[in-house]
Every structure is written in C-alpha cells, then in structure tokens.
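Asker: Here it is: the structure, laid out below.
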Amino acid sequence: SVVIEISDGTYHLEEALLFDALDGRSGNSTVTYKSAENATVVLSGGYLVKGTWECVDEKEYFKLKLPSSAPLDKIKHVRNLYINGDRATRARSKNITIEGVYKNNQGNYDGVYLDCSQIAKINDISVAELNQLVRWKDHYYKVVDKKNLDGKCYLKIKNFNWAHTQSYSFAPSHYMPFSNYERGVMTDWYFENTLDFLDKPNEWFYDYKHAVLYYYPKKGENLKTASVIIPVLNEL
C-alpha cells in the first residue's frame, strides 16, 4: 500500500481532481491521500487574484487588471467574490419596478419594459444582469438589447420565457401562479454587475470585456495583503 502525504498549504486547482484505475493499486493494496502531520491542507476551486490594486480618480474603490495567465474564459460571468474568506456583494441597484413584458413579431415573449428613468444611471447595459426574486429563488436575466419608446425602455432578454423561468406575474393566464399576489407589477427586481452602482463598501464589479476587477474595500481592509478569490470550479 502507498500513503501520499500533502504538505501544509492552500492548493488552487485549475481543473477538478480526477482519479481513475491508474491511480489505484492491485489486489488488496491501497493508495491513501492525507495531509501531513500537523498540516492544514485546503483544496480550493477558486482563482487567487494576483496583481497590483490601483486607485481610481475621485472614487473610493480600486481596480486591478487580471493577468493573461488568469482563467479568463472561466470567470467571464462570475457572480461571487471572496475577500479574506468572506463573500463580497456584487454591485447592484436599488429595487426597480418592471411594468410588463412585450412580445416580438413572432408573438413570443421577448423581454420586459420599464420607465427609462429607472435605468438612466446605467452606461453599458450589455454587461448588466437583471435579477428577480420570486419564491425564494434568484432568477438572472441577461440583457442583450435596449430600445426606447415614449419614455419606456424595452429590454430584450436572452433566452426569455416567463413560464419556464417561473416569473408568474406576467405569465400567460393559463399558467396559474401560486396565489393572486404573484400577478401584477413586480418590484422585487434589481440590476447587478455594472460599475455605475459600485458605491458601497464590500461591493465589487468585474469588467469581463477588459479583465478588470473593481472593489470598494471595507473600513480598515488592506488590499495589499488581502486574499481575493474568484470561484472557478463547480466541483473539486
């Protein structure tokens, strides 16, 4: 039998661990993986952010350009960031009111509309995600286009289907909600992931188009020594 001891430390995995027959032994012989004596071993599926944080003119937050060695393809749509082990908050707007849904020329639901004044602050809506809270669930919608008409903004949503996403308030009448209050104007909506809403400590925004991470540190937090982790793997 073989015993493999792993030294003290945190190991950031680029791919999930995979063991097959070649890692085993024959007969009654075994292979054991364990931490070395008095060692603390952590296997992490996150990317340890490396680089230099820079000040942003007239702002309280900082920015960091991720190196080309970072797993940029895997973190394009990241929704979580951990600072010193604590989950930070992705930059978000106040709650907004969605007034209804609209259909395309083929008669299919295409997106939602709202008063343009609610999103006037957003400069680049293509990086934003629209989040809805319903039945203890988070529904994220990717905005792919915006059109203005008579003071209303029509937001086209990628892969949009109210019935399938359980957004009951504007679903067809035959798709019955759990109760009547789930129909009508919905207010439990907000935008996430735009630099325009990065205005509170512990908030962050990732500009995947330019691989730049922004973070508003908490009072007393030192980014020079902070451990900043972006989740990458869904399983170890």
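Labeling convention for the structure tokens: chains A, B, ... as they appear, residues from 1 per chain, ligands from 1 in order of appearance.
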Within 12 Å of A:Thr225, counting only C-alpha atoms, which residues show up once you throw out same-chain ones fewer than 6 positions away? Write them as a PyMOL selection string, please.
Answerer: chain A and resi 49-53+83-84
Asker: Could you list, as a VMD selection string, every residue within 12 Å of A:Ser26, counting only C-alpha atoms and ignoring same-chain residues fewer than 5 positions away?
Answerer: chain A and resid 1 to 2 21 31
Asker: Print the selection's residues with N, CA and C atoms to a file, as a CSV table (one decimal), in the first residue's frame.
Answerer:
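Contents of out_21.csv, as written:
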chain,number,residue,atom,x,y,z
A,1,SER,N,0.8,-1.2,0.0
A,1,SER,CA,0.0,0.0,0.0
A,1,SER,C,0.9,1.3,0.0
A,2,VAL,N,0.3,2.3,-0.5
A,2,VAL,CA,1.0,3.6,-0.6
A,2,VAL,C,0.2,4.7,0.2
A,21,ALA,N,-8.3,4.3,-12.7
A,21,ALA,CA,-7.7,3.0,-12.4
A,21,ALA,C,-6.1,3.1,-12.3
A,31,VAL,N,-4.1,3.0,-2.0
A,31,VAL,CA,-3.5,4.3,-2.0
A,31,VAL,C,-4.3,5.2,-1.1
Asker: Report as JSON lines the residues of stretch 42-81 of chain A within 7 Å of stretch 202-218 of chain A, each with its shortest atom pair and distance in Å (one decimal), using only C-alpha atoms, ordered by chain and increasing residue number.
Answerer:
{"residue": "A:Glu60", "atom": "CA", "partner": "A:Tyr216", "partner_atom": "CA", "distance": 6.3}
{"residue": "A:Tyr61", "atom": "CA", "partner": "A:Tyr216", "partner_atom": "CA", "distance": 4.1}
{"residue": "A:Phe62", "atom": "CA", "partner": "A:Tyr215", "partner_atom": "CA", "distance": 5.5}
{"residue": "A:Lys63", "atom": "CA", "partner": "A:Tyr214", "partner_atom": "CA", "distance": 4.3}
{"residue": "A:Leu64", "atom": "CA", "partner": "A:Leu213", "partner_atom": "CA", "distance": 5.2}
{"residue": "A:Lys65", "atom": "CA", "partner": "A:Val212", "partner_atom": "CA", "distance": 4.5}
{"residue": "A:Leu66", "atom": "CA", "partner": "A:Ala211", "partner_atom": "CA", "distance": 5.6}
{"residue": "A:Lys76", "atom": "CA", "partner": "A:Tyr208", "partner_atom": "CA", "distance": 5.4}
Asker: Write down as a VMD selection string the residues belonging to stretch 6-234 of chain A that are assigned alpha helix (DSSP H) by DSSP computed on the backbone.
Answerer: chain A and resid 162 to 165
Asker: Using only C-alpha atoms, pick whichever of A:Ser227, A:Ser69, A:Asn28, A:Gln132 has the shortest atom-to-atom distance to A:Thr10.
Answerer: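 With only C-alpha atoms as the atom set, the closest residue is A:Ser227.
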Asker: Here is a test: counting only C-alpha atoms, which residue of A:Glu192, A:Glu99, A:Asp199, A:Glu235 is nearest to A:Asn80?
Answerer: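 Looking at the shortest contact to A:Asn80, the residue is A:Glu192.
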Asker: Give me, please, the distance in Å between atom CA of A:Tyr190 and atom CA of A:Val101, quoted to one decimal.
Answerer: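 Here the two named atoms are 15.9 Å from each other.
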Asker: Nearest to A:Arg79 among A:Ile4, A:Ala16, A:Ala91, A:Lys146, with distances taken over only C-alpha atoms: which residue is it?
Answerer: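 For A:Arg79, the nearest of the given residues is A:Ala91.
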Asker: I'd like to know which of A:Lys103, A:Lys219, A:Lys200, A:Lys158 is closest to A:Lys142, using only C-alpha atoms.
Answerer: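 With only C-alpha atoms as the atom set, the closest residue is A:Lys158.
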